[in-house]
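Next up, input_28.csv (CSV, N, CA, C and O atoms):
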chain,number,residue,atom,x,y,z
N,29,MET,N,234.0,46.7,90.4
N,29,MET,CA,232.7,46.8,89.7
N,29,MET,C,231.8,47.7,90.6
N,29,MET,O,231.8,47.6,91.8
N,30,PHE,N,231.0,48.5,90.0
N,30,PHE,CA,230.1,49.4,90.7
N,30,PHE,C,228.6,49.2,90.2
N,30,PHE,O,228.4,48.9,89.1
N,31,TYR,N,227.7,49.2,91.2
N,31,TYR,CA,226.3,49.1,90.9
N,31,TYR,C,225.5,50.4,91.1
N,31,TYR,O,225.9,51.2,91.9
N,32,THR,N,224.5,50.5,90.3
N,32,THR,CA,223.6,51.7,90.5
N,32,THR,C,222.5,51.2,91.5
N,32,THR,O,222.4,50.0,91.9
N,33,VAL,N,221.7,52.2,91.9
N,33,VAL,CA,220.6,51.9,92.9
N,33,VAL,C,219.7,50.9,92.2
N,33,VAL,O,219.2,50.0,92.8
N,34,LYS,N,219.4,51.1,90.9
N,34,LYS,CA,218.5,50.2,90.2
N,34,LYS,C,219.1,48.8,90.2
N,34,LYS,O,218.3,47.8,90.4
N,35,ASP,N,220.4,48.6,89.9
N,35,ASP,CA,221.0,47.3,89.9
N,35,ASP,C,220.8,46.6,91.3
N,35,ASP,O,220.4,45.4,91.4
N,36,VAL,N,221.1,47.4,92.4
N,36,VAL,CA,221.0,46.8,93.7
N,36,VAL,C,219.6,46.4,94.0
N,36,VAL,O,219.3,45.3,94.5
N,37,ALA,N,218.6,47.2,93.6
N,37,ALA,CA,217.2,46.9,93.9
N,37,ALA,C,216.8,45.7,93.2
N,37,ALA,O,216.1,44.8,93.7
N,38,GLU,N,217.2,45.5,91.9
N,38,GLU,CA,216.9,44.3,91.2
N,38,GLU,C,217.5,43.1,91.7
N,38,GLU,O,216.9,42.0,91.8
N,39,MET,N,218.8,43.2,92.2
N,39,MET,CA,219.5,42.0,92.8
N,39,MET,C,218.8,41.6,94.1
N,39,MET,O,218.7,40.4,94.3
N,40,LEU,N,218.4,42.5,94.9
N,40,LEU,CA,217.9,42.2,96.2
N,40,LEU,C,216.4,42.1,96.2
N,40,LEU,O,215.8,41.7,97.2
N,41,LYS,N,215.8,42.4,95.0
N,41,LYS,CA,214.3,42.3,94.8
N,41,LYS,C,213.6,43.1,95.9
N,41,LYS,O,212.6,42.7,96.5
N,42,ILE,N,214.0,44.4,96.0
N,42,ILE,CA,213.4,45.4,96.8
N,42,ILE,C,213.2,46.7,96.0
N,42,ILE,O,213.9,46.8,95.0
N,43,PRO,N,212.3,47.5,96.4
N,43,PRO,CA,212.1,48.8,95.7
N,43,PRO,C,213.4,49.7,95.7
N,43,PRO,O,214.1,49.7,96.7
N,44,GLU,N,213.6,50.5,94.7
N,44,GLU,CA,214.7,51.5,94.7
N,44,GLU,C,214.6,52.4,95.9
N,44,GLU,O,215.6,52.8,96.4
N,45,SER,N,213.4,52.8,96.3
N,45,SER,CA,213.2,53.7,97.5
N,45,SER,C,213.8,53.1,98.7
N,45,SER,O,214.4,53.8,99.6
N,46,THR,N,213.7,51.7,98.9
N,46,THR,CA,214.3,51.1,100.0
N,46,THR,C,215.8,51.1,99.9
N,46,THR,O,216.5,51.3,101.0
N,47,VAL,N,216.4,50.9,98.8
N,47,VAL,CA,217.8,51.0,98.6
N,47,VAL,C,218.3,52.4,99.0
N,47,VAL,O,219.3,52.6,99.7
N,48,TYR,N,217.6,53.5,98.5
N,48,TYR,CA,218.0,54.8,98.9
N,48,TYR,C,217.9,55.0,100.4
N,48,TYR,O,218.7,55.7,101.0
N,49,GLU,N,216.9,54.4,101.0
N,49,GLU,CA,216.8,54.5,102.5
N,49,GLU,C,218.0,53.8,103.2
N,49,GLU,O,218.5,54.4,104.1
N,50,TYR,N,218.3,52.7,102.7
N,50,TYR,CA,219.5,51.9,103.2
N,50,TYR,C,220.8,52.7,103.1
N,50,TYR,O,221.6,52.8,103.9
N,51,VAL,N,220.9,53.4,101.9
N,51,VAL,CA,222.1,54.2,101.6
N,51,VAL,C,222.1,55.4,102.6
N,51,VAL,O,223.1,55.7,103.2
N,52,ARG,N,220.9,56.1,102.8
N,52,ARG,CA,220.8,57.2,103.7
N,52,ARG,C,221.2,56.9,105.1
N,52,ARG,O,221.8,57.7,105.8
N,53,ASN,N,220.8,55.7,105.5
N,53,ASN,CA,221.0,55.2,106.9
N,53,ASN,C,222.3,54.4,107.1
N,53,ASN,O,222.5,53.8,108.1
N,54,HIS,N,223.1,54.5,106.0
N,54,HIS,CA,224.5,53.8,106.0
N,54,HIS,C,224.4,52.3,106.3
N,54,HIS,O,225.3,51.7,106.8
N,55,ILE,N,223.3,51.7,105.9
N,55,ILE,CA,223.2,50.2,105.9
N,55,ILE,C,224.0,49.6,104.8
N,55,ILE,O,224.6,48.6,104.9
N,56,ILE,N,223.8,50.3,103.6
N,56,ILE,CA,224.6,49.9,102.4
N,56,ILE,C,225.6,51.0,102.2
N,56,ILE,O,225.2,52.2,101.9
N,57,PRO,N,226.9,50.7,102.2
N,57,PRO,CA,227.9,51.7,102.0
N,57,PRO,C,227.8,52.2,100.5
N,57,PRO,O,227.6,51.3,99.6
N,58,SER,N,228.0,53.4,100.2
N,58,SER,CA,227.9,54.0,98.9
N,58,SER,C,228.7,55.2,98.8
N,58,SER,O,229.2,55.7,99.7
N,59,PHE,N,228.8,55.7,97.5
N,59,PHE,CA,229.4,57.0,97.3
N,59,PHE,C,228.6,57.7,96.1
N,59,PHE,O,227.9,57.0,95.4
N,60,LYS,N,228.9,58.9,95.9
N,60,LYS,CA,228.2,59.6,94.8
N,60,LYS,C,229.2,60.1,93.8
N,60,LYS,O,230.3,60.5,94.1
N,61,ILE,N,228.8,60.0,92.6
N,61,ILE,CA,229.6,60.6,91.4
N,61,ILE,C,228.6,61.6,90.9
N,61,ILE,O,227.6,61.3,90.2
N,62,GLY,N,228.9,62.9,91.2
N,62,GLY,CA,228.0,63.9,90.9
N,62,GLY,C,226.7,63.7,91.7
N,62,GLY,O,226.8,63.6,92.9
N,63,LYS,N,225.6,63.5,91.1
N,63,LYS,CA,224.4,63.3,91.8
N,63,LYS,C,223.9,61.8,91.7
N,63,LYS,O,222.9,61.4,92.2
N,64,HIS,N,224.8,61.0,91.2
N,64,HIS,CA,224.5,59.5,91.0
N,64,HIS,C,225.1,58.7,92.1
N,64,HIS,O,226.3,58.8,92.4
N,65,VAL,N,224.3,57.9,92.8
N,65,VAL,CA,224.8,57.0,93.8
N,65,VAL,C,225.3,55.7,93.2
N,65,VAL,O,224.7,55.1,92.3
N,66,ARG,N,226.5,55.3,93.7
N,66,ARG,CA,227.1,54.0,93.3
N,66,ARG,C,227.4,53.2,94.5
N,66,ARG,O,227.8,53.7,95.6
N,67,VAL,N,227.4,51.8,94.3
N,67,VAL,CA,227.7,50.9,95.4
N,67,VAL,C,228.7,49.9,94.8
N,67,VAL,O,228.5,49.3,93.8
N,68,ARG,N,229.8,49.8,95.6
N,68,ARG,CA,230.9,48.9,95.1
N,68,ARG,C,230.4,47.4,95.3
N,68,ARG,O,229.7,47.2,96.4
N,69,LYS,N,230.7,46.5,94.4
N,69,LYS,CA,230.3,45.1,94.6
N,69,LYS,C,230.8,44.6,95.9
N,69,LYS,O,230.0,43.9,96.6
N,70,GLN,N,232.0,44.8,96.2
N,70,GLN,CA,232.6,44.3,97.5
N,70,GLN,C,231.8,44.8,98.7
N,70,GLN,O,231.5,44.0,99.6
N,71,ASP,N,231.5,46.1,98.7
N,71,ASP,CA,230.7,46.6,99.8
N,71,ASP,C,229.3,46.0,99.9
N,71,ASP,O,228.8,45.7,101.0
N,72,LEU,N,228.7,45.8,98.8
N,72,LEU,CA,227.4,45.2,98.8
N,72,LEU,C,227.4,43.7,99.3
N,72,LEU,O,226.6,43.3,100.1
N,73,ASP,N,228.4,43.0,98.8
N,73,ASP,CA,228.6,41.6,99.2
N,73,ASP,C,228.8,41.5,100.7
N,73,ASP,O,228.2,40.7,101.4
N,74,GLU,N,229.7,42.4,101.3
N,74,GLU,CA,229.9,42.4,102.7
N,74,GLU,C,228.6,42.8,103.5
N,74,GLU,O,228.4,42.3,104.6
N,75,CYS,N,227.9,43.8,103.0
N,75,CYS,CA,226.6,44.2,103.6
N,75,CYS,C,225.7,43.0,103.7
N,75,CYS,O,225.0,42.8,104.7
N,76,ILE,N,225.5,42.3,102.6
N,76,ILE,CA,224.6,41.2,102.5
N,76,ILE,C,225.0,40.1,103.5
N,76,ILE,O,224.2,39.6,104.3
N,77,GLU,N,226.3,39.9,103.5
N,77,GLU,CA,226.8,38.8,104.5
N,77,GLU,C,226.6,39.3,105.9
N,77,GLU,O,226.1,38.5,106.7
N,78,ARG,N,226.8,40.5,106.2
N,78,ARG,CA,226.6,41.1,107.6
N,78,ARG,C,225.1,41.0,108.0
N,78,ARG,O,224.8,40.6,109.1
N,79,LEU,N,224.2,41.3,107.0
N,79,LEU,CA,222.8,41.2,107.3
N,79,LEU,C,222.2,39.8,107.5
N,79,LEU,O,221.2,39.6,108.1
N,80,MET,N,222.9,38.9,106.8
N,80,MET,CA,222.4,37.5,106.9
N,80,MET,C,222.8,36.8,108.2
N,80,MET,O,222.2,35.8,108.5
N,81,LYS,N,223.6,37.4,109.0
N,81,LYS,CA,224.0,36.8,110.3
N,81,LYS,C,223.0,37.1,111.4
N,81,LYS,O,222.3,37.9,111.4
Represent the structure of the file as structure tokens.
Amino acid sequence: MFYTVKDVAEMLKIPESTVYEYVRNHIIPSFKIGKHVRVRKQDLDECIERLMK
């Protein structure tokens, strides 16, 4: 499953601009399909778990 930046922002209750910043700084692993950023569910789950420690 893949999430959009908007999906991630809504789940984490943070602005989309913050998600883009996290993606740019490699805090949240992501990839692009054309010009659209996508985040794998597994990568997001691992990121959240890592940040909660």
Atom pair atom CA of Met39 of chain N / atom CA of Lys60 of chain N: separation (Å): 19.7 Å
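Put simply, atom CA of Ile42 of chain N is 18.6 Å away from atom N of Gln70 of chain N.
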Excluding segment 61-65 of chain N and residues on its chain fewer than 4 positions from it, collect all residues at most 10 Å away from it, counting only C-alpha atoms, and give them as a short mmCIF file (atom, residue, chain, number, x, y, z; two decimals) with N, CA, C and O atoms, in the coordinates of the input.
data_model
loop_
_atom_site.label_atom_id
_atom_site.label_comp_id
_atom_site.auth_asym_id
_atom_site.auth_seq_id
_atom_site.Cartn_x
_atom_site.Cartn_y
_atom_site.Cartn_z
N PHE N 30 231.00 48.50 90.00
CA PHE N 30 230.10 49.40 90.70
C PHE N 30 228.60 49.20 90.20
O PHE N 30 228.40 48.90 89.10
N TYR N 31 227.70 49.20 91.20
CA TYR N 31 226.30 49.10 90.90
C TYR N 31 225.50 50.40 91.10
O TYR N 31 225.90 51.20 91.90
N THR N 32 224.50 50.50 90.30
CA THR N 32 223.60 51.70 90.50
C THR N 32 222.50 51.20 91.50
O THR N 32 222.40 50.00 91.90
N VAL N 33 221.70 52.20 91.90
CA VAL N 33 220.60 51.90 92.90
C VAL N 33 219.70 50.90 92.20
O VAL N 33 219.20 50.00 92.80
N LYS N 34 219.40 51.10 90.90
CA LYS N 34 218.50 50.20 90.20
C LYS N 34 219.10 48.80 90.20
O LYS N 34 218.30 47.80 90.40
N TYR N 48 217.60 53.50 98.50
CA TYR N 48 218.00 54.80 98.90
C TYR N 48 217.90 55.00 100.40
O TYR N 48 218.70 55.70 101.00
N VAL N 51 220.90 53.40 101.90
CA VAL N 51 222.10 54.20 101.60
C VAL N 51 222.10 55.40 102.60
O VAL N 51 223.10 55.70 103.20
#
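Each of N:Lys81, N:Ser45, N:Asp35, N:Asp71 was checked against Pro57 of chain N using all atoms listed in the file; the smallest atom-to-atom distance is that of N:Asp71.
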Show which residues sit within 7 Å of Met29 of chain N, as a PDB file with N, CA, C and O atoms, in the frame of the given file. Count only N, CA, C and O atoms, and ignore same-chain residues fewer than 5 positions away.
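See part_13.pdb below for the written result:
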ATOM      1  N   VAL N  67     227.400  51.800  94.300  1.00  0.00           N
ATOM      2  CA  VAL N  67     227.700  50.900  95.400  1.00  0.00           C
ATOM      3  C   VAL N  67     228.700  49.900  94.800  1.00  0.00           C
ATOM      4  O   VAL N  67     228.500  49.300  93.800  1.00  0.00           O
ATOM      5  N   ARG N  68     229.800  49.800  95.600  1.00  0.00           N
ATOM      6  CA  ARG N  68     230.900  48.900  95.100  1.00  0.00           C
ATOM      7  C   ARG N  68     230.400  47.400  95.300  1.00  0.00           C
ATOM      8  O   ARG N  68     229.700  47.200  96.400  1.00  0.00           O
ATOM      9  N   LYS N  69     230.700  46.500  94.400  1.00  0.00           N
ATOM     10  CA  LYS N  69     230.300  45.100  94.600  1.00  0.00           C
ATOM     11  C   LYS N  69     230.800  44.600  95.900  1.00  0.00           C
ATOM     12  O   LYS N  69     230.000  43.900  96.600  1.00  0.00           O
ATOM     13  N   GLN N  70     232.000  44.800  96.200  1.00  0.00           N
ATOM     14  CA  GLN N  70     232.600  44.300  97.500  1.00  0.00           C
ATOM     15  C   GLN N  70     231.800  44.800  98.700  1.00  0.00           C
ATOM     16  O   GLN N  70     231.500  44.000  99.600  1.00  0.00           O
TER      17      GLN N  70
END
